[in-house]
$ cat run_27.cif   # mmCIF, N, CA and C atoms
data_protein
#
loop_
_atom_site.label_atom_id
_atom_site.label_comp_id
_atom_site.auth_asym_id
_atom_site.auth_seq_id
_atom_site.Cartn_x
_atom_site.Cartn_y
_atom_site.Cartn_z
N MET F 1 81.64 107.24 102.98
CA MET F 1 81.23 108.52 102.46
C MET F 1 82.19 109.62 102.90
N LYS F 2 82.68 109.52 104.12
CA LYS F 2 83.59 110.53 104.63
C LYS F 2 84.91 110.52 103.87
N GLY F 3 85.37 109.33 103.48
CA GLY F 3 86.61 109.21 102.71
C GLY F 3 86.50 109.86 101.34
N ARG F 4 85.32 109.76 100.71
CA ARG F 4 85.12 110.38 99.40
C ARG F 4 85.21 111.90 99.49
N ILE F 5 84.68 112.45 100.56
CA ILE F 5 84.73 113.90 100.74
C ILE F 5 86.17 114.36 100.92
N ILE F 6 86.94 113.60 101.68
CA ILE F 6 88.34 113.97 101.89
C ILE F 6 89.13 113.86 100.58
N ILE F 7 88.90 112.79 99.83
CA ILE F 7 89.61 112.61 98.56
C ILE F 7 89.24 113.71 97.57
N ALA F 8 87.97 114.10 97.53
CA ALA F 8 87.55 115.15 96.61
C ALA F 8 88.05 116.52 97.04
N SER F 9 88.28 116.73 98.32
CA SER F 9 88.71 118.05 98.79
C SER F 9 90.20 118.29 98.61
N VAL F 10 91.01 117.25 98.48
CA VAL F 10 92.46 117.44 98.32
C VAL F 10 92.80 118.24 97.07
N PRO F 11 92.25 117.89 95.88
CA PRO F 11 92.57 118.74 94.72
C PRO F 11 92.05 120.17 94.87
N LEU F 12 90.91 120.34 95.52
CA LEU F 12 90.38 121.69 95.72
C LEU F 12 91.28 122.52 96.62
N ILE F 13 91.89 121.89 97.60
CA ILE F 13 92.82 122.61 98.48
C ILE F 13 94.05 123.04 97.69
N PHE F 14 94.60 122.13 96.89
CA PHE F 14 95.76 122.49 96.06
C PHE F 14 95.41 123.58 95.06
N LEU F 15 94.21 123.51 94.47
CA LEU F 15 93.78 124.53 93.51
C LEU F 15 93.66 125.89 94.18
N SER F 16 93.05 125.93 95.35
CA SER F 16 92.89 127.22 96.03
C SER F 16 94.25 127.79 96.47
N VAL F 17 95.16 126.95 96.94
CA VAL F 17 96.50 127.43 97.30
C VAL F 17 97.21 127.99 96.07
N TRP F 18 97.07 127.30 94.95
CA TRP F 18 97.73 127.76 93.72
C TRP F 18 97.13 129.08 93.23
N LEU F 19 95.80 129.22 93.28
CA LEU F 19 95.16 130.44 92.78
C LEU F 19 95.44 131.64 93.68
N PHE F 20 95.50 131.44 94.98
CA PHE F 20 95.67 132.57 95.90
C PHE F 20 97.13 132.94 96.15
N THR F 21 98.05 132.00 95.93
CA THR F 21 99.44 132.30 96.23
C THR F 21 100.36 132.24 95.01
N ALA F 22 99.88 131.73 93.89
CA ALA F 22 100.68 131.55 92.67
C ALA F 22 101.91 130.68 92.94
N PHE F 23 101.77 129.71 93.83
CA PHE F 23 102.82 128.78 94.18
C PHE F 23 102.77 127.62 93.19
N ASN F 24 103.81 127.50 92.36
CA ASN F 24 103.79 126.52 91.26
C ASN F 24 103.74 125.08 91.74
N LEU F 25 104.32 124.77 92.86
CA LEU F 25 104.26 123.40 93.37
C LEU F 25 102.81 122.99 93.64
N ALA F 26 101.99 123.92 94.09
CA ALA F 26 100.57 123.62 94.33
C ALA F 26 99.87 123.28 93.02
N MET F 27 100.27 123.92 91.92
CA MET F 27 99.68 123.60 90.61
C MET F 27 100.03 122.17 90.21
N TYR F 28 101.30 121.80 90.39
CA TYR F 28 101.71 120.44 90.04
C TYR F 28 101.02 119.40 90.93
N LEU F 29 100.86 119.71 92.20
CA LEU F 29 100.16 118.80 93.10
C LEU F 29 98.68 118.70 92.75
N PHE F 30 98.08 119.80 92.31
CA PHE F 30 96.69 119.78 91.87
C PHE F 30 96.54 118.87 90.66
N ILE F 31 97.40 119.03 89.67
CA ILE F 31 97.33 118.21 88.46
C ILE F 31 97.56 116.74 88.80
N LEU F 32 98.55 116.48 89.66
CA LEU F 32 98.83 115.10 90.06
C LEU F 32 97.65 114.47 90.79
N SER F 33 97.02 115.21 91.70
CA SER F 33 95.90 114.65 92.46
C SER F 33 94.69 114.38 91.56
N VAL F 34 94.44 115.25 90.57
CA VAL F 34 93.35 115.01 89.63
C VAL F 34 93.64 113.78 88.78
N LEU F 35 94.88 113.63 88.33
CA LEU F 35 95.25 112.46 87.54
C LEU F 35 95.14 111.16 88.33
N VAL F 36 95.54 111.20 89.60
CA VAL F 36 95.45 109.99 90.44
C VAL F 36 93.99 109.59 90.64
N ILE F 37 93.11 110.55 90.87
CA ILE F 37 91.69 110.25 91.05
C ILE F 37 91.10 109.71 89.74
N ALA F 38 91.45 110.31 88.61
CA ALA F 38 90.94 109.85 87.32
C ALA F 38 91.44 108.44 87.00
N MET F 39 92.72 108.18 87.27
CA MET F 39 93.26 106.84 87.00
C MET F 39 92.62 105.80 87.92
N GLY F 40 92.33 106.16 89.16
CA GLY F 40 91.64 105.25 90.07
C GLY F 40 90.24 104.92 89.58
N PHE F 41 89.53 105.93 89.06
CA PHE F 41 88.19 105.69 88.52
C PHE F 41 88.27 104.77 87.30
N ILE F 42 89.21 105.01 86.40
CA ILE F 42 89.35 104.19 85.20
C ILE F 42 89.74 102.75 85.58
N TRP F 43 90.65 102.62 86.54
CA TRP F 43 91.07 101.28 87.01
C TRP F 43 89.88 100.51 87.58
N SER F 44 89.08 101.18 88.40
CA SER F 44 87.90 100.53 89.00
C SER F 44 86.90 100.12 87.93
N TRP F 45 86.69 100.98 86.96
CA TRP F 45 85.73 100.68 85.90
C TRP F 45 86.17 99.47 85.09
N PHE F 46 87.46 99.40 84.74
CA PHE F 46 87.95 98.25 83.98
C PHE F 46 87.99 96.98 84.84
N SER F 47 88.09 97.12 86.15
CA SER F 47 88.14 95.94 87.01
C SER F 47 86.81 95.21 87.08
N VAL F 48 85.71 95.90 87.00
CA VAL F 48 84.41 95.24 87.09
C VAL F 48 83.75 95.02 85.74
N ARG F 49 84.28 95.62 84.70
CA ARG F 49 83.73 95.46 83.37
C ARG F 49 84.03 94.05 82.86
N ASP F 50 83.06 93.43 82.21
CA ASP F 50 83.18 92.08 81.64
C ASP F 50 83.51 91.03 82.69
N THR F 51 83.01 91.22 83.90
CA THR F 51 83.18 90.24 84.97
C THR F 51 81.81 89.65 85.29
N GLU F 52 81.75 88.34 85.43
CA GLU F 52 80.51 87.65 85.71
C GLU F 52 80.69 86.73 86.91
N VAL F 53 79.68 86.64 87.75
CA VAL F 53 79.72 85.76 88.91
C VAL F 53 78.50 84.86 88.87
N SER F 54 78.71 83.57 89.09
CA SER F 54 77.58 82.64 89.14
C SER F 54 77.78 81.69 90.31
N SER F 55 76.67 81.18 90.81
CA SER F 55 76.75 80.20 91.89
C SER F 55 75.86 79.01 91.56
N ARG F 56 76.19 77.90 92.15
CA ARG F 56 75.44 76.67 91.94
C ARG F 56 74.10 76.77 92.66
N GLU F 57 73.14 76.04 92.19
CA GLU F 57 71.82 76.00 92.83
C GLU F 57 71.95 75.58 94.29
N ILE F 58 71.29 76.32 95.17
CA ILE F 58 71.38 76.02 96.60
C ILE F 58 70.13 75.25 97.03
N PRO F 59 70.23 74.43 98.05
CA PRO F 59 69.06 73.67 98.51
C PRO F 59 68.03 74.60 99.16
N GLY F 60 66.77 74.19 99.10
CA GLY F 60 65.70 75.00 99.67
C GLY F 60 65.74 75.06 101.18
N SER F 61 66.09 73.96 101.82
CA SER F 61 66.16 73.96 103.28
C SER F 61 67.19 72.94 103.75
N LEU F 62 67.74 73.22 104.92
CA LEU F 62 68.70 72.32 105.55
C LEU F 62 68.32 72.18 107.02
N HIS F 63 68.78 71.10 107.65
CA HIS F 63 68.52 70.88 109.07
C HIS F 63 69.80 71.11 109.87
N THR F 64 69.64 71.33 111.14
CA THR F 64 70.80 71.52 112.01
C THR F 64 71.68 70.28 111.97
N GLY F 65 72.98 70.50 111.83
CA GLY F 65 73.93 69.40 111.74
C GLY F 65 74.30 69.04 110.31
N GLU F 66 73.57 69.54 109.33
CA GLU F 66 73.90 69.27 107.94
C GLU F 66 74.90 70.32 107.43
N TRP F 67 75.57 69.95 106.37
CA TRP F 67 76.55 70.86 105.77
C TRP F 67 75.92 71.62 104.63
N PHE F 68 76.17 72.92 104.62
CA PHE F 68 75.76 73.76 103.51
C PHE F 68 76.97 73.94 102.61
N GLU F 69 76.88 73.43 101.40
CA GLU F 69 78.00 73.51 100.46
C GLU F 69 77.64 74.49 99.35
N GLU F 70 78.62 75.30 99.01
CA GLU F 70 78.39 76.33 98.02
C GLU F 70 79.55 76.37 97.03
N GLU F 71 79.23 76.65 95.78
CA GLU F 71 80.24 76.75 94.74
C GLU F 71 80.01 78.07 94.00
N ILE F 72 81.01 78.92 93.97
CA ILE F 72 80.91 80.21 93.31
C ILE F 72 81.99 80.28 92.23
N THR F 73 81.60 80.73 91.04
CA THR F 73 82.53 80.85 89.91
C THR F 73 82.55 82.29 89.43
N VAL F 74 83.74 82.82 89.23
CA VAL F 74 83.94 84.17 88.71
C VAL F 74 84.56 84.04 87.33
N PHE F 75 83.93 84.66 86.34
CA PHE F 75 84.41 84.63 84.95
C PHE F 75 84.96 86.00 84.57
N ASN F 76 86.09 85.99 83.91
CA ASN F 76 86.66 87.21 83.33
C ASN F 76 86.52 87.10 81.82
N ARG F 77 85.58 87.84 81.25
CA ARG F 77 85.32 87.79 79.81
C ARG F 77 86.25 88.71 79.02
N ALA F 78 86.92 89.62 79.68
CA ALA F 78 87.79 90.57 79.00
C ALA F 78 89.15 89.96 78.70
N ARG F 79 89.89 90.61 77.84
CA ARG F 79 91.24 90.16 77.53
C ARG F 79 92.25 90.65 78.56
N LEU F 80 91.88 91.66 79.31
CA LEU F 80 92.79 92.24 80.29
C LEU F 80 92.75 91.49 81.61
N LEU F 81 93.83 91.55 82.32
CA LEU F 81 93.98 90.95 83.64
C LEU F 81 93.11 91.69 84.66
N LYS F 82 92.46 90.97 85.55
CA LYS F 82 91.74 91.57 86.67
C LYS F 82 92.61 91.38 87.90
N LEU F 83 93.18 92.44 88.39
CA LEU F 83 94.14 92.39 89.48
C LEU F 83 93.45 92.72 90.80
N MET F 84 93.64 91.88 91.80
CA MET F 84 93.11 92.07 93.16
C MET F 84 91.60 92.34 93.14
N LEU F 85 90.87 91.42 92.56
CA LEU F 85 89.42 91.50 92.48
C LEU F 85 88.83 90.86 93.74
N GLY F 86 88.12 91.64 94.52
CA GLY F 86 87.54 91.13 95.76
C GLY F 86 86.11 90.66 95.52
N VAL F 87 85.79 89.44 95.95
CA VAL F 87 84.46 88.88 95.78
C VAL F 87 83.98 88.43 97.15
N ARG F 88 82.77 88.84 97.53
CA ARG F 88 82.22 88.49 98.83
C ARG F 88 80.73 88.21 98.70
N GLU F 89 80.27 87.19 99.42
CA GLU F 89 78.84 86.90 99.47
C GLU F 89 78.32 87.37 100.82
N HIS F 90 77.30 88.20 100.76
CA HIS F 90 76.71 88.73 102.00
C HIS F 90 75.65 87.74 102.49
N SER F 91 75.82 87.29 103.72
CA SER F 91 74.93 86.30 104.31
C SER F 91 74.84 86.53 105.80
N ASP F 92 73.71 86.15 106.39
CA ASP F 92 73.59 86.24 107.85
C ASP F 92 73.68 84.86 108.50
N MET F 93 74.19 83.89 107.76
CA MET F 93 74.38 82.55 108.30
C MET F 93 75.54 82.56 109.29
N PRO F 94 75.38 81.92 110.46
CA PRO F 94 76.46 81.92 111.44
C PRO F 94 77.71 81.22 110.89
N GLU F 95 78.86 81.76 111.22
CA GLU F 95 80.16 81.23 110.83
C GLU F 95 80.37 81.21 109.32
N GLN F 96 79.64 82.04 108.60
CA GLN F 96 79.80 82.12 107.14
C GLN F 96 80.54 83.40 106.80
N ASP F 97 81.76 83.24 106.35
CA ASP F 97 82.53 84.38 105.86
C ASP F 97 83.09 83.97 104.52
N ASN F 98 82.28 84.10 103.50
CA ASN F 98 82.64 83.63 102.17
C ASN F 98 83.14 84.81 101.34
N ALA F 99 84.43 85.06 101.41
CA ALA F 99 85.05 86.15 100.65
C ALA F 99 86.42 85.71 100.18
N THR F 100 86.83 86.27 99.07
CA THR F 100 88.15 85.97 98.55
C THR F 100 88.66 87.16 97.75
N LEU F 101 89.96 87.23 97.63
CA LEU F 101 90.63 88.23 96.83
C LEU F 101 91.43 87.47 95.78
N LEU F 102 91.18 87.75 94.51
CA LEU F 102 91.81 86.94 93.48
C LEU F 102 92.29 87.80 92.31
N THR F 103 93.16 87.21 91.52
CA THR F 103 93.66 87.80 90.30
C THR F 103 93.30 86.87 89.16
N LEU F 104 92.58 87.40 88.17
CA LEU F 104 92.14 86.58 87.05
C LEU F 104 92.84 87.00 85.77
N PRO F 105 93.52 86.07 85.11
CA PRO F 105 94.07 86.39 83.78
C PRO F 105 92.94 86.63 82.79
N GLY F 106 93.25 87.17 81.64
CA GLY F 106 92.24 87.43 80.62
C GLY F 106 91.56 86.16 80.14
N ARG F 107 90.25 86.24 79.95
CA ARG F 107 89.42 85.13 79.46
C ARG F 107 89.63 83.85 80.26
N SER F 108 89.46 83.95 81.56
CA SER F 108 89.62 82.78 82.42
C SER F 108 88.54 82.80 83.50
N SER F 109 88.55 81.80 84.33
CA SER F 109 87.57 81.73 85.43
C SER F 109 88.24 81.14 86.66
N PHE F 110 87.59 81.36 87.79
CA PHE F 110 88.06 80.82 89.06
C PHE F 110 86.85 80.31 89.83
N THR F 111 86.93 79.09 90.33
CA THR F 111 85.83 78.49 91.10
C THR F 111 86.34 78.12 92.47
N TRP F 112 85.55 78.45 93.50
CA TRP F 112 85.92 77.99 94.82
C TRP F 112 84.70 77.43 95.54
N TYR F 113 85.01 76.49 96.40
CA TYR F 113 83.99 75.76 97.15
C TYR F 113 84.07 76.19 98.61
N HIS F 114 82.92 76.23 99.24
CA HIS F 114 82.86 76.65 100.63
C HIS F 114 81.80 75.80 101.32
N ALA F 115 82.13 75.27 102.48
CA ALA F 115 81.19 74.44 103.23
C ALA F 115 81.08 74.98 104.65
N VAL F 116 79.84 75.07 105.15
CA VAL F 116 79.57 75.56 106.50
C VAL F 116 78.64 74.57 107.19
N LEU F 117 78.96 74.24 108.42
CA LEU F 117 78.09 73.37 109.21
C LEU F 117 76.95 74.21 109.77
N CYS F 118 75.72 73.77 109.52
CA CYS F 118 74.55 74.48 110.05
C CYS F 118 74.44 74.19 111.54
N SER F 119 74.83 75.13 112.37
CA SER F 119 74.93 74.89 113.80
C SER F 119 73.74 75.43 114.58
N ARG F 120 72.94 76.29 113.99
CA ARG F 120 71.79 76.86 114.69
C ARG F 120 70.53 76.74 113.85
N ARG F 121 69.41 76.70 114.54
CA ARG F 121 68.13 76.68 113.86
C ARG F 121 67.75 78.09 113.44
N GLY F 122 66.86 78.18 112.48
CA GLY F 122 66.35 79.48 112.07
C GLY F 122 66.59 79.73 110.60
N ARG F 123 66.00 80.82 110.15
CA ARG F 123 66.16 81.20 108.75
C ARG F 123 67.39 82.04 108.55
N CYS F 124 68.06 81.80 107.44
CA CYS F 124 69.22 82.59 107.06
C CYS F 124 69.04 83.01 105.62
N SER F 125 69.50 84.18 105.32
CA SER F 125 69.43 84.63 103.94
C SER F 125 70.82 84.62 103.34
N LEU F 126 70.89 84.20 102.11
CA LEU F 126 72.14 84.24 101.36
C LEU F 126 72.01 85.39 100.39
N GLY F 127 72.88 86.35 100.56
CA GLY F 127 72.71 87.60 99.84
C GLY F 127 73.44 87.66 98.53
N PRO F 128 73.43 88.79 97.94
CA PRO F 128 74.06 88.90 96.62
C PRO F 128 75.57 88.73 96.73
N VAL F 129 76.14 88.25 95.66
CA VAL F 129 77.58 88.13 95.56
C VAL F 129 78.08 89.45 94.99
N VAL F 130 78.93 90.12 95.74
CA VAL F 130 79.41 91.44 95.32
C VAL F 130 80.89 91.36 95.09
#
$ encode --input "run_27.cif" --output "structure tokens"
Amino acid sequence: MKGRIIIASVPLIFLSVWLFTAFNLAMYLFILSVLVIAMGFIWSWFSVRDTEVSSREIPGSLHTGEWFEEEITVFNRARLLKLMLGVREHSDMPEQDNATLLTLPGRSSFTWYHAVLCSRRGRCSLGPVV
């Protein structure tokens, strides 16, 4: 949240410098900073648009010493390339860090497998894939 405030305040600083001092470089920096923020928003919107994530059915329960195997598939339904798409599953399972950074060509998919040894007893939640 703090980073968003700083990013939003940069164009306002350039705008105020330009209005109070009539310094033309501040005007160009203001326009550039607004364009960079707008392009970042558009890039982010196109990166998640037409993207689908699915996972294989998981078992209801496992015992200590058994392997938990997971398969996650990411589909790119758009014609455009998805560059540096980060996918992470939030879980409180010990030793589970299921995340990847991938690039998907248009109309393609990527599947990866992940296995974790169940080393402790107790309940664990497997969270949403983000």
$ residues_around --input "run_27.cif" --residues "Arg107 of chain F" --least-positions-apart "2" --cutoff "8 Å" --atoms "all atoms listed in the file" --output "PyMOL selection string"
chain F and resi 75-82+104-105+109
$ resolve_selection --input "run_27.cif" --expression "the PyMOL selection byres ((chain F and resi 9-14) around 6)" --output "MDAnalysis selection string"
chainID F and resid 4:8 15:19 26:27 29:30 33:34
$ resolve_selection --input "run_27.cif" --expression "the PyMOL selection byres ((chain F and resi 83-89) around 8)" --output "mmCIF file with N, CA and C atoms, in the frame of the given file"
data_model
loop_
_atom_site.group_PDB
_atom_site.id
_atom_site.type_symbol
_atom_site.label_atom_id
_atom_site.label_comp_id
_atom_site.auth_asym_id
_atom_site.auth_seq_id
_atom_site.Cartn_x
_atom_site.Cartn_y
_atom_site.Cartn_z
ATOM 1 N N PHE F 46 87.460 99.400 84.740
ATOM 2 C CA PHE F 46 87.950 98.250 83.980
ATOM 3 C C PHE F 46 87.990 96.980 84.840
ATOM 4 N N SER F 47 88.090 97.120 86.150
ATOM 5 C CA SER F 47 88.140 95.940 87.010
ATOM 6 C C SER F 47 86.810 95.210 87.080
ATOM 7 N N VAL F 48 85.710 95.900 87.000
ATOM 8 C CA VAL F 48 84.410 95.240 87.090
ATOM 9 C C VAL F 48 83.750 95.020 85.740
ATOM 10 N N LEU F 80 91.880 91.660 79.310
ATOM 11 C CA LEU F 80 92.790 92.240 80.290
ATOM 12 C C LEU F 80 92.750 91.490 81.610
ATOM 13 N N LEU F 81 93.830 91.550 82.320
ATOM 14 C CA LEU F 81 93.980 90.950 83.640
ATOM 15 C C LEU F 81 93.110 91.690 84.660
ATOM 16 N N LYS F 82 92.460 90.970 85.550
ATOM 17 C CA LYS F 82 91.740 91.570 86.670
ATOM 18 C C LYS F 82 92.610 91.380 87.900
ATOM 19 N N HIS F 90 77.300 88.200 100.760
ATOM 20 C CA HIS F 90 76.710 88.730 102.000
ATOM 21 C C HIS F 90 75.650 87.740 102.490
ATOM 22 N N SER F 91 75.820 87.290 103.720
ATOM 23 C CA SER F 91 74.930 86.300 104.310
ATOM 24 C C SER F 91 74.840 86.530 105.800
ATOM 25 N N ASP F 92 73.710 86.150 106.390
ATOM 26 C CA ASP F 92 73.590 86.240 107.850
ATOM 27 C C ASP F 92 73.680 84.860 108.500
ATOM 28 N N GLN F 96 79.640 82.040 108.600
ATOM 29 C CA GLN F 96 79.800 82.120 107.140
ATOM 30 C C GLN F 96 80.540 83.400 106.800
ATOM 31 N N ASP F 97 81.760 83.240 106.350
ATOM 32 C CA ASP F 97 82.530 84.380 105.860
ATOM 33 C C ASP F 97 83.090 83.970 104.520
ATOM 34 N N ASN F 98 82.280 84.100 103.500
ATOM 35 C CA ASN F 98 82.640 83.630 102.170
ATOM 36 C C ASN F 98 83.140 84.810 101.340
ATOM 37 N N ALA F 99 84.430 85.060 101.410
ATOM 38 C CA ALA F 99 85.050 86.150 100.650
ATOM 39 C C ALA F 99 86.420 85.710 100.180
ATOM 40 N N THR F 100 86.830 86.270 99.070
ATOM 41 C CA THR F 100 88.150 85.970 98.550
ATOM 42 C C THR F 100 88.660 87.160 97.750
ATOM 43 N N LEU F 101 89.960 87.230 97.630
ATOM 44 C CA LEU F 101 90.630 88.230 96.830
ATOM 45 C C LEU F 101 91.430 87.470 95.780
ATOM 46 N N LEU F 102 91.180 87.750 94.510
ATOM 47 C CA LEU F 102 91.810 86.940 93.480
ATOM 48 C C LEU F 102 92.290 87.800 92.310
ATOM 49 N N THR F 103 93.160 87.210 91.520
ATOM 50 C CA THR F 103 93.660 87.800 90.300
ATOM 51 C C THR F 103 93.300 86.870 89.160
ATOM 52 N N LEU F 104 92.580 87.400 88.170
ATOM 53 C CA LEU F 104 92.140 86.580 87.050
ATOM 54 C C LEU F 104 92.840 87.000 85.770
ATOM 55 N N PRO F 105 93.520 86.070 85.110
ATOM 56 C CA PRO F 105 94.070 86.390 83.780
ATOM 57 C C PRO F 105 92.940 86.630 82.790
ATOM 58 N N LEU F 126 70.890 84.200 102.110
ATOM 59 C CA LEU F 126 72.140 84.240 101.360
ATOM 60 C C LEU F 126 72.010 85.390 100.390
ATOM 61 N N GLY F 127 72.880 86.350 100.560
ATOM 62 C CA GLY F 127 72.710 87.600 99.840
ATOM 63 C C GLY F 127 73.440 87.660 98.530
ATOM 64 N N PRO F 128 73.430 88.790 97.940
ATOM 65 C CA PRO F 128 74.060 88.900 96.620
ATOM 66 C C PRO F 128 75.570 88.730 96.730
ATOM 67 N N VAL F 129 76.140 88.250 95.660
ATOM 68 C CA VAL F 129 77.580 88.130 95.560
ATOM 69 C C VAL F 129 78.080 89.450 94.990
ATOM 70 N N VAL F 130 78.930 90.120 95.740
ATOM 71 C CA VAL F 130 79.410 91.440 95.320
ATOM 72 C C VAL F 130 80.890 91.360 95.090
#
$ closest_residue --input "run_27.cif" --among "F:Ala22, F:Cys124, F:Val116, F:Ile42" --to "Glu69 of chain F" --atoms "all atoms listed in the file"
F:Val116
$ resolve_selection --input "run_27.cif" --expression "the PyMOL selection byres (((chain F and resi 53 and name CA) around 8) and name CA)" --output "number ranges by chain"
F: 51-52, 54-55, 72-75, 129
$ atom_distance --input "run_27.cif" --atom1 "atom CA of Met93 of chain F" --atom2 "atom CA of Ser61 of chain F"
12.9 Å
$ atom_distance --input "run_27.cif" --atom1 "atom CA of Cys118 of chain F" --atom2 "atom CA of Thr64 of chain F"
5.2 Å
$ residues_around --input "run_27.cif" --residues "Glu71 of chain F" --least-positions-apart "5" --cutoff "7 Å" --atoms "all atoms listed in the file" --output "JSON, numbers by chain"
{"F": [54, 55, 56, 111, 112, 113, 114]}
$ atom_distance --input "run_27.cif" --atom1 "atom CA of Thr21 of chain F" --atom2 "atom CA of Leu35 of chain F"
22.1 Å
$ select_by_dssp --input "run_27.cif" --residues "segment 21-125 of chain F" --states "alpha helix (DSSP H)" --output "list in words"
Thr21, Asn24, Leu25, Ala26, Met27, Tyr28, Leu29, Phe30, Ile31, Leu32, Ser33, Val34, Leu35, Val36, Ile37, Ala38, Met39, Gly40, Phe41, Ile42, Trp43, Ser44, Trp45, Phe46, Ser47 and Val48 of chain F
$ select_by_dssp --input "run_27.cif" --residues "chain F" --states "strand (DSSP E or B)" --output "number ranges by chain"
F: 51-55, 67-76, 82-91, 99-104, 108-117, 126-129
